[in-house]
Amino acid sequence: MTLQQLMYAITTADEKSINKTAQKFFVSQPAISDAIKDLEDEIGIIIFDRSNRGVTTTAEGADFIVYARQVVAQYDLLKERYIDKEHKEKFGVSTQHYTFAVKSYIELISNFGTDKYEYSIYEGKTSEVINDVRTFRSEIGVIHLDEYNHSFIQKYLKYNNLEYHKLFDCKVYAYLSSEHPLANAKKVTESDLEPYPCLTFNQGEEDPIYLAEEPISMFERKKNIKVNDRGTMLNMMIGLNGYTLCSGIICEELNGTGYRAVPYESREKTSIVYVVREGSTLSDLGQKYIENLRAYG
């Protein structure tokens with residue numbers, strides 16, 4: 001097993017094409033096919049199913065690719081530190097759809113600059129956030145915990161050799177347009193919100209409800225609309241008088257002044273936590289980013 005074989009396998013898994021892998025590495029397609037076949041023979045599993053439509057990763061292959069990414073990521077870290085010292089240090093973060101997490105990242109970049117560092121931030125589904133940390137794509141993941149999902153998330157993280165640390169606790173708020181009929185209310189109840197569409201982030205049909213970004217009780221609503229990104233959700237708030245339940249942390253610098261967070265009358269509480277690999281030590285950038293996040297608690 002060679003590092004080159006691992007890189008071929010990872011790229012093929014990402015591109016779903018041996019031909020595209022060959023193009024990226026400037027070698028022939030048969031050379032890639034032979035290298036992957038030799039790797040499969042050595043480790044005793046089939047990594048890819050091949051067909052006229054391309055290649056797909058098998059169940060065993062997907063598990064292997066996770067470990068292969070970790071090996072290559074560690075090699076890249078060693079290479080950058082001891083060989084390519086002029087290269088920039090990388091720092092990646094993955095987060096649920098939190099404007100304050102993005103604002104904290106902006107503050108980090110403003111503080112450290114871009115001369116010595118290469119930054120990456122990914123905003124997506126809960127499973128993607130967790131997987132990004134697991135596969136070394138990101139050093140830190142930002143998600144929420146509540147009384148409903150706590151047990152599941154804890155087991156899910158443990159299974160993936162990850163751990164979480166609390167950033168802060170927060171109450172539940174209804175987040176809606178400043179033109180919404182309830183925008184100026186001192187507080188809102190479930191019955192107040194019933195006539196309006198409830199907006200939630202789509203986590204995928206295969207992912208359990210415990211990976212939802214919103215309190216699970218929201219999914220009992222009769223009018224529920226799933227969206228894929230924060231921009232669409234904000235548009236739905238304006239166009240349909242929709243709402244979502246959130247932490248109440250508003251960053252007007254990024255989202256604008258056209259939205260309100262109104263206290264939601266509920267005993268539910270939520271915590272914002274950050275996820276890292278088990279036993280890992282945060283980089284200097286990671287420590288500063290966590291410090292920025294805590295300032296919003």
# chains A, B, ... in the order shown; residues from 1 in each chain; ligands from 1
call {"tool": "select_by_dssp", "arguments": {"residues": "segment 74-170 of chain A", "states": "strand (DSSP E)", "output": "MDAnalysis selection string"}}
result
chainID A and resid 89:95 117:123 140:146 162:170
call {"tool": "residues_around", "arguments": {"residues": "Tyr148 of chain A", "least_positions_apart": "6", "cutoff": "12 Å", "atoms": "only C-alpha atoms", "output": "ChimeraX atom specification"}}
result
/A:154,209-218,268-271
call {"tool": "atom_distance", "arguments": {"atom1": "atom CA of Ala13 of chain A", "atom2": "atom CA of Glu89 of chain A"}}
result
25.7 Å
call {"tool": "select_by_dssp", "arguments": {"residues": "segment 21-208 of chain A", "states": "alpha helix (DSSP H)", "output": "PyMOL selection string"}}
result
chain A and resi 21-25+29-43+59-82+99-112+126-134+150-159+190-193
call {"tool": "closest_residue", "arguments": {"among": "A:Ala295, A:Leu282, A:Ile36, A:Ile153", "to": "Leu167 of chain A", "atoms": "only C-alpha atoms"}}
result
A:Ala295
call {"tool": "atom_distance", "arguments": {"atom1": "atom CA of Ser177 of chain A", "atom2": "atom CA of Val262 of chain A"}}
result
10.4 Å
call {"tool": "atom_distance", "arguments": {"atom1": "atom CA of Asn224 of chain A", "atom2": "atom CA of Ala185 of chain A"}}
result
22.0 Å
call {"tool": "residues_around", "arguments": {"residues": "Tyr8 of chain A", "least_positions_apart": "4", "cutoff": "7 Å", "atoms": "only C-alpha atoms", "output": "PDB file with N, CA and C atoms, in the first residue's frame"}}
result
ATOM      1  N   GLN A   4       0.535   7.044  -2.834  1.00  0.00           N
ATOM      2  CA  GLN A   4      -0.002   7.373  -4.148  1.00  0.00           C
ATOM      3  C   GLN A   4      -1.289   6.600  -4.424  1.00  0.00           C
ATOM      4  N   THR A  12     -10.739   9.175  -6.789  1.00  0.00           N
ATOM      5  CA  THR A  12     -11.752   8.419  -7.535  1.00  0.00           C
ATOM      6  C   THR A  12     -13.077   8.401  -6.788  1.00  0.00           C
ATOM      7  N   THR A  21      -9.902  11.053 -12.437  1.00  0.00           N
ATOM      8  CA  THR A  21      -8.729  10.892 -11.565  1.00  0.00           C
ATOM      9  C   THR A  21      -7.454  10.902 -12.393  1.00  0.00           C
ATOM     10  N   ILE A  32      -4.266   4.209 -13.424  1.00  0.00           N
ATOM     11  CA  ILE A  32      -5.097   4.403 -12.235  1.00  0.00           C
ATOM     12  C   ILE A  32      -5.839   3.109 -11.903  1.00  0.00           C
TER      13      ILE A  32
END
call {"tool": "residues_around", "arguments": {"residues": "Gly54 of chain A", "least_positions_apart": "5", "cutoff": "9 Å", "atoms": "only C-alpha atoms", "output": "PyMOL selection string"}}
result
chain A and resi 16-19+49
call {"tool": "write_last_selection", "arguments": {"atoms": "C-alpha atoms", "output": "compact mmCIF listing (two decimals), in the first residue's frame"}}
result
# COMPACT_ATOMS: atom_id res chain seq x y z
CA LYS A 16 -16.80 8.97 -9.14
CA SER A 17 -14.68 8.53 -12.24
CA ILE A 18 -11.34 6.83 -12.93
CA ASN A 19 -10.97 8.94 -16.07
CA ASP A 49 -18.11 -1.08 -8.06
call {"tool": "closest_residue", "arguments": {"among": "A:Thr257, A:Asn241, A:Ser151, A:Ser138", "to": "His180 of chain A", "atoms": "only C-alpha atoms"}}
result
A:Asn241
call {"tool": "closest_atom_pairs", "arguments": {"of": "segment 199-275 of chain A", "to": "segment 122-128 of chain A", "cutoff": "9 Å", "atoms": "only C-alpha atoms", "output": "tab-separated table"}}
result
residue	atom	partner	partner_atom	distance
A:Phe201	CA	A:Lys125	CA	7.8
A:Asn202	CA	A:Lys125	CA	7.5
A:Gln203	CA	A:Lys125	CA	5.5
A:Gly204	CA	A:Lys125	CA	8.2
A:Asp207	CA	A:Ser127	CA	7.6
A:Leu211	CA	A:Thr126	CA	5.8
A:Ala212	CA	A:Thr126	CA	7.1
A:Glu213	CA	A:Thr126	CA	7.1
A:Asn228	CA	A:Gly124	CA	8.3
A:Asp229	CA	A:Gly124	CA	7.8
call {"tool": "residues_around", "arguments": {"residues": "Tyr264 of chain A", "least_positions_apart": "5", "cutoff": "7 Å", "atoms": "only C-alpha atoms", "output": "list in words"}}
result
Val172, Tyr173, Ala174, Lys187, Val188 and Thr189 of chain A
call {"tool": "closest_residue", "arguments": {"among": "A:Gly92, A:Pro263, A:Pro30, A:Gly242", "to": "Asn184 of chain A", "atoms": "only C-alpha atoms"}}
result
A:Pro263
call {"tool": "closest_residue", "arguments": {"among": "A:Val227, A:Asp38, A:Ala101, A:Ile106", "to": "Thr2 of chain A", "atoms": "only C-alpha atoms"}}
result
A:Asp38
call {"tool": "closest_residue", "arguments": {"among": "A:Val273, A:Ile290, A:Asp192, A:Phe168", "to": "Tyr243 of chain A", "atoms": "only C-alpha atoms"}}
result
A:Asp192
call {"tool": "decode", "arguments": {"residues": "segment 81-128 of chain A", "atoms": "N, CA and C atoms", "output": "PDB file, in the first residue's frame"}}
result
ATOM      1  N   ARG A  81       4.705  21.067   7.451  1.00  0.00           N
ATOM      2  CA  ARG A  81       5.484  21.524   8.606  1.00  0.00           C
ATOM      3  C   ARG A  81       6.993  21.359   8.399  1.00  0.00           C
ATOM      4  N   TYR A  82       7.401  20.253   7.767  1.00  0.00           N
ATOM      5  CA  TYR A  82       8.825  19.947   7.716  1.00  0.00           C
ATOM      6  C   TYR A  82       9.448  20.018   6.323  1.00  0.00           C
ATOM      7  N   ILE A  83       8.640  20.040   5.282  1.00  0.00           N
ATOM      8  CA  ILE A  83       9.195  20.078   3.930  1.00  0.00           C
ATOM      9  C   ILE A  83       8.808  21.378   3.232  1.00  0.00           C
ATOM     10  N   ASP A  84       7.502  21.600   3.089  1.00  0.00           N
ATOM     11  CA  ASP A  84       7.025  22.806   2.403  1.00  0.00           C
ATOM     12  C   ASP A  84       6.747  23.900   3.419  1.00  0.00           C
ATOM     13  N   LYS A  85       7.771  24.346   4.116  1.00  0.00           N
ATOM     14  CA  LYS A  85       7.574  25.280   5.215  1.00  0.00           C
ATOM     15  C   LYS A  85       7.024  26.626   4.768  1.00  0.00           C
ATOM     16  N   GLU A  86       7.181  26.919   3.470  1.00  0.00           N
ATOM     17  CA  GLU A  86       6.662  28.192   2.989  1.00  0.00           C
ATOM     18  C   GLU A  86       5.162  28.133   2.763  1.00  0.00           C
ATOM     19  N   HIS A  87       4.578  26.929   2.795  1.00  0.00           N
ATOM     20  CA  HIS A  87       3.138  26.810   2.582  1.00  0.00           C
ATOM     21  C   HIS A  87       2.358  27.337   3.785  1.00  0.00           C
ATOM     22  N   LYS A  88       1.132  27.754   3.523  1.00  0.00           N
ATOM     23  CA  LYS A  88       0.309  28.327   4.573  1.00  0.00           C
ATOM     24  C   LYS A  88      -0.299  27.237   5.460  1.00  0.00           C
ATOM     25  N   GLU A  89      -0.457  27.558   6.736  1.00  0.00           N
ATOM     26  CA  GLU A  89      -1.142  26.659   7.670  1.00  0.00           C
ATOM     27  C   GLU A  89      -2.644  26.700   7.373  1.00  0.00           C
ATOM     28  N   LYS A  90      -3.267  25.517   7.344  1.00  0.00           N
ATOM     29  CA  LYS A  90      -4.689  25.439   7.018  1.00  0.00           C
ATOM     30  C   LYS A  90      -5.535  25.368   8.278  1.00  0.00           C
ATOM     31  N   PHE A  91      -6.709  26.008   8.212  1.00  0.00           N
ATOM     32  CA  PHE A  91      -7.649  25.941   9.317  1.00  0.00           C
ATOM     33  C   PHE A  91      -9.069  25.888   8.774  1.00  0.00           C
ATOM     34  N   GLY A  92      -9.752  24.775   9.042  1.00  0.00           N
ATOM     35  CA  GLY A  92     -11.109  24.597   8.540  1.00  0.00           C
ATOM     36  C   GLY A  92     -12.130  24.462   9.658  1.00  0.00           C
ATOM     37  N   VAL A  93     -13.310  24.989   9.424  1.00  0.00           N
ATOM     38  CA  VAL A  93     -14.424  24.918  10.368  1.00  0.00           C
ATOM     39  C   VAL A  93     -15.677  24.495   9.610  1.00  0.00           C
ATOM     40  N   SER A  94     -16.493  23.647  10.220  1.00  0.00           N
ATOM     41  CA  SER A  94     -17.789  23.278   9.667  1.00  0.00           C
ATOM     42  C   SER A  94     -18.862  23.622  10.693  1.00  0.00           C
ATOM     43  N   THR A  95     -19.994  24.102  10.238  1.00  0.00           N
ATOM     44  CA  THR A  95     -21.011  24.569  11.169  1.00  0.00           C
ATOM     45  C   THR A  95     -22.414  24.354  10.619  1.00  0.00           C
ATOM     46  N   GLN A  96     -23.356  24.173  11.528  1.00  0.00           N
ATOM     47  CA  GLN A  96     -24.750  24.274  11.143  1.00  0.00           C
ATOM     48  C   GLN A  96     -24.995  25.715  10.689  1.00  0.00           C
ATOM     49  N   HIS A  97     -26.205  26.024  10.305  1.00  0.00           N
ATOM     50  CA  HIS A  97     -26.476  27.324   9.682  1.00  0.00           C
ATOM     51  C   HIS A  97     -26.562  28.443  10.723  1.00  0.00           C
ATOM     52  N   TYR A  98     -25.398  28.828  11.253  1.00  0.00           N
ATOM     53  CA  TYR A  98     -25.337  29.859  12.293  1.00  0.00           C
ATOM     54  C   TYR A  98     -24.567  31.068  11.776  1.00  0.00           C
ATOM     55  N   THR A  99     -25.246  32.210  11.711  1.00  0.00           N
ATOM     56  CA  THR A  99     -24.575  33.429  11.272  1.00  0.00           C
ATOM     57  C   THR A  99     -23.463  33.818  12.239  1.00  0.00           C
ATOM     58  N   PHE A 100     -23.670  33.587  13.544  1.00  0.00           N
ATOM     59  CA  PHE A 100     -22.644  33.985  14.510  1.00  0.00           C
ATOM     60  C   PHE A 100     -21.365  33.161  14.337  1.00  0.00           C
ATOM     61  N   ALA A 101     -21.504  31.915  13.843  1.00  0.00           N
ATOM     62  CA  ALA A 101     -20.319  31.097  13.594  1.00  0.00           C
ATOM     63  C   ALA A 101     -19.517  31.655  12.424  1.00  0.00           C
ATOM     64  N   VAL A 102     -20.228  32.159  11.407  1.00  0.00           N
ATOM     65  CA  VAL A 102     -19.565  32.795  10.271  1.00  0.00           C
ATOM     66  C   VAL A 102     -18.927  34.114  10.708  1.00  0.00           C
ATOM     67  N   LYS A 103     -19.661  34.892  11.508  1.00  0.00           N
ATOM     68  CA  LYS A 103     -19.129  36.175  11.996  1.00  0.00           C
ATOM     69  C   LYS A 103     -17.872  35.946  12.829  1.00  0.00           C
ATOM     70  N   SER A 104     -17.869  34.909  13.657  1.00  0.00           N
ATOM     71  CA  SER A 104     -16.686  34.584  14.457  1.00  0.00           C
ATOM     72  C   SER A 104     -15.504  34.239  13.567  1.00  0.00           C
ATOM     73  N   TYR A 105     -15.789  33.588  12.443  1.00  0.00           N
ATOM     74  CA  TYR A 105     -14.726  33.217  11.509  1.00  0.00           C
ATOM     75  C   TYR A 105     -14.160  34.452  10.823  1.00  0.00           C
ATOM     76  N   ILE A 106     -15.045  35.376  10.478  1.00  0.00           N
ATOM     77  CA  ILE A 106     -14.603  36.635   9.875  1.00  0.00           C
ATOM     78  C   ILE A 106     -13.693  37.386  10.845  1.00  0.00           C
ATOM     79  N   GLU A 107     -14.081  37.408  12.120  1.00  0.00           N
ATOM     80  CA  GLU A 107     -13.272  38.077  13.140  1.00  0.00           C
ATOM     81  C   GLU A 107     -11.903  37.408  13.271  1.00  0.00           C
ATOM     82  N   LEU A 108     -11.879  36.084  13.157  1.00  0.00           N
ATOM     83  CA  LEU A 108     -10.619  35.336  13.231  1.00  0.00           C
ATOM     84  C   LEU A 108      -9.694  35.739  12.094  1.00  0.00           C
ATOM     85  N   ILE A 109     -10.230  35.762  10.866  1.00  0.00           N
ATOM     86  CA  ILE A 109      -9.418  36.111   9.706  1.00  0.00           C
ATOM     87  C   ILE A 109      -8.915  37.550   9.815  1.00  0.00           C
ATOM     88  N   SER A 110      -9.775  38.429  10.300  1.00  0.00           N
ATOM     89  CA  SER A 110      -9.370  39.829  10.475  1.00  0.00           C
ATOM     90  C   SER A 110      -8.230  39.957  11.477  1.00  0.00           C
ATOM     91  N   ASN A 111      -8.234  39.079  12.468  1.00  0.00           N
ATOM     92  CA  ASN A 111      -7.215  39.116  13.518  1.00  0.00           C
ATOM     93  C   ASN A 111      -5.885  38.521  13.055  1.00  0.00           C
ATOM     94  N   PHE A 112      -5.945  37.367  12.373  1.00  0.00           N
ATOM     95  CA  PHE A 112      -4.720  36.657  12.008  1.00  0.00           C
ATOM     96  C   PHE A 112      -4.216  36.995  10.600  1.00  0.00           C
ATOM     97  N   GLY A 113      -5.094  37.534   9.746  1.00  0.00           N
ATOM     98  CA  GLY A 113      -4.682  37.853   8.388  1.00  0.00           C
ATOM     99  C   GLY A 113      -4.608  36.630   7.495  1.00  0.00           C
ATOM    100  N   THR A 114      -4.298  36.859   6.230  1.00  0.00           N
ATOM    101  CA  THR A 114      -4.273  35.771   5.244  1.00  0.00           C
ATOM    102  C   THR A 114      -2.878  35.486   4.684  1.00  0.00           C
ATOM    103  N   ASP A 115      -1.860  36.145   5.185  1.00  0.00           N
ATOM    104  CA  ASP A 115      -0.516  35.941   4.657  1.00  0.00           C
ATOM    105  C   ASP A 115       0.031  34.561   5.001  1.00  0.00           C
ATOM    106  N   LYS A 116      -0.244  34.092   6.229  1.00  0.00           N
ATOM    107  CA  LYS A 116       0.350  32.837   6.696  1.00  0.00           C
ATOM    108  C   LYS A 116      -0.652  31.684   6.779  1.00  0.00           C
ATOM    109  N   TYR A 117      -1.937  31.994   6.570  1.00  0.00           N
ATOM    110  CA  TYR A 117      -2.967  30.974   6.817  1.00  0.00           C
ATOM    111  C   TYR A 117      -3.896  30.816   5.624  1.00  0.00           C
ATOM    112  N   GLU A 118      -4.364  29.586   5.450  1.00  0.00           N
ATOM    113  CA  GLU A 118      -5.360  29.264   4.430  1.00  0.00           C
ATOM    114  C   GLU A 118      -6.639  28.826   5.145  1.00  0.00           C
ATOM    115  N   TYR A 119      -7.746  29.505   4.884  1.00  0.00           N
ATOM    116  CA  TYR A 119      -8.979  29.300   5.638  1.00  0.00           C
ATOM    117  C   TYR A 119     -10.043  28.580   4.809  1.00  0.00           C
ATOM    118  N   SER A 120     -10.835  27.757   5.489  1.00  0.00           N
ATOM    119  CA  SER A 120     -11.981  27.100   4.856  1.00  0.00           C
ATOM    120  C   SER A 120     -13.119  27.023   5.869  1.00  0.00           C
ATOM    121  N   ILE A 121     -14.317  27.417   5.451  1.00  0.00           N
ATOM    122  CA  ILE A 121     -15.482  27.275   6.322  1.00  0.00           C
ATOM    123  C   ILE A 121     -16.613  26.648   5.508  1.00  0.00           C
ATOM    124  N   TYR A 122     -17.271  25.663   6.109  1.00  0.00           N
ATOM    125  CA  TYR A 122     -18.325  24.915   5.436  1.00  0.00           C
ATOM    126  C   TYR A 122     -19.599  24.986   6.274  1.00  0.00           C
ATOM    127  N   GLU A 123     -20.699  25.346   5.642  1.00  0.00           N
ATOM    128  CA  GLU A 123     -21.982  25.433   6.326  1.00  0.00           C
ATOM    129  C   GLU A 123     -22.910  24.386   5.715  1.00  0.00           C
ATOM    130  N   GLY A 124     -23.418  23.464   6.527  1.00  0.00           N
ATOM    131  CA  GLY A 124     -24.223  22.402   5.950  1.00  0.00           C
ATOM    132  C   GLY A 124     -25.004  21.602   6.963  1.00  0.00           C
ATOM    133  N   LYS A 125     -25.428  20.405   6.544  1.00  0.00           N
ATOM    134  CA  LYS A 125     -26.219  19.520   7.376  1.00  0.00           C
ATOM    135  C   LYS A 125     -25.401  19.038   8.571  1.00  0.00           C
ATOM    136  N   THR A 126     -26.105  18.620   9.614  1.00  0.00           N
ATOM    137  CA  THR A 126     -25.442  18.165  10.834  1.00  0.00           C
ATOM    138  C   THR A 126     -24.514  16.990  10.552  1.00  0.00           C
ATOM    139  N   SER A 127     -24.979  16.023   9.770  1.00  0.00           N
ATOM    140  CA  SER A 127     -24.148  14.863   9.457  1.00  0.00           C
ATOM    141  C   SER A 127     -22.891  15.277   8.702  1.00  0.00           C
ATOM    142  N   GLU A 128     -22.995  16.307   7.850  1.00  0.00           N
ATOM    143  CA  GLU A 128     -21.832  16.793   7.110  1.00  0.00           C
ATOM    144  C   GLU A 128     -20.840  17.474   8.044  1.00  0.00           C
TER     145      GLU A 128
END
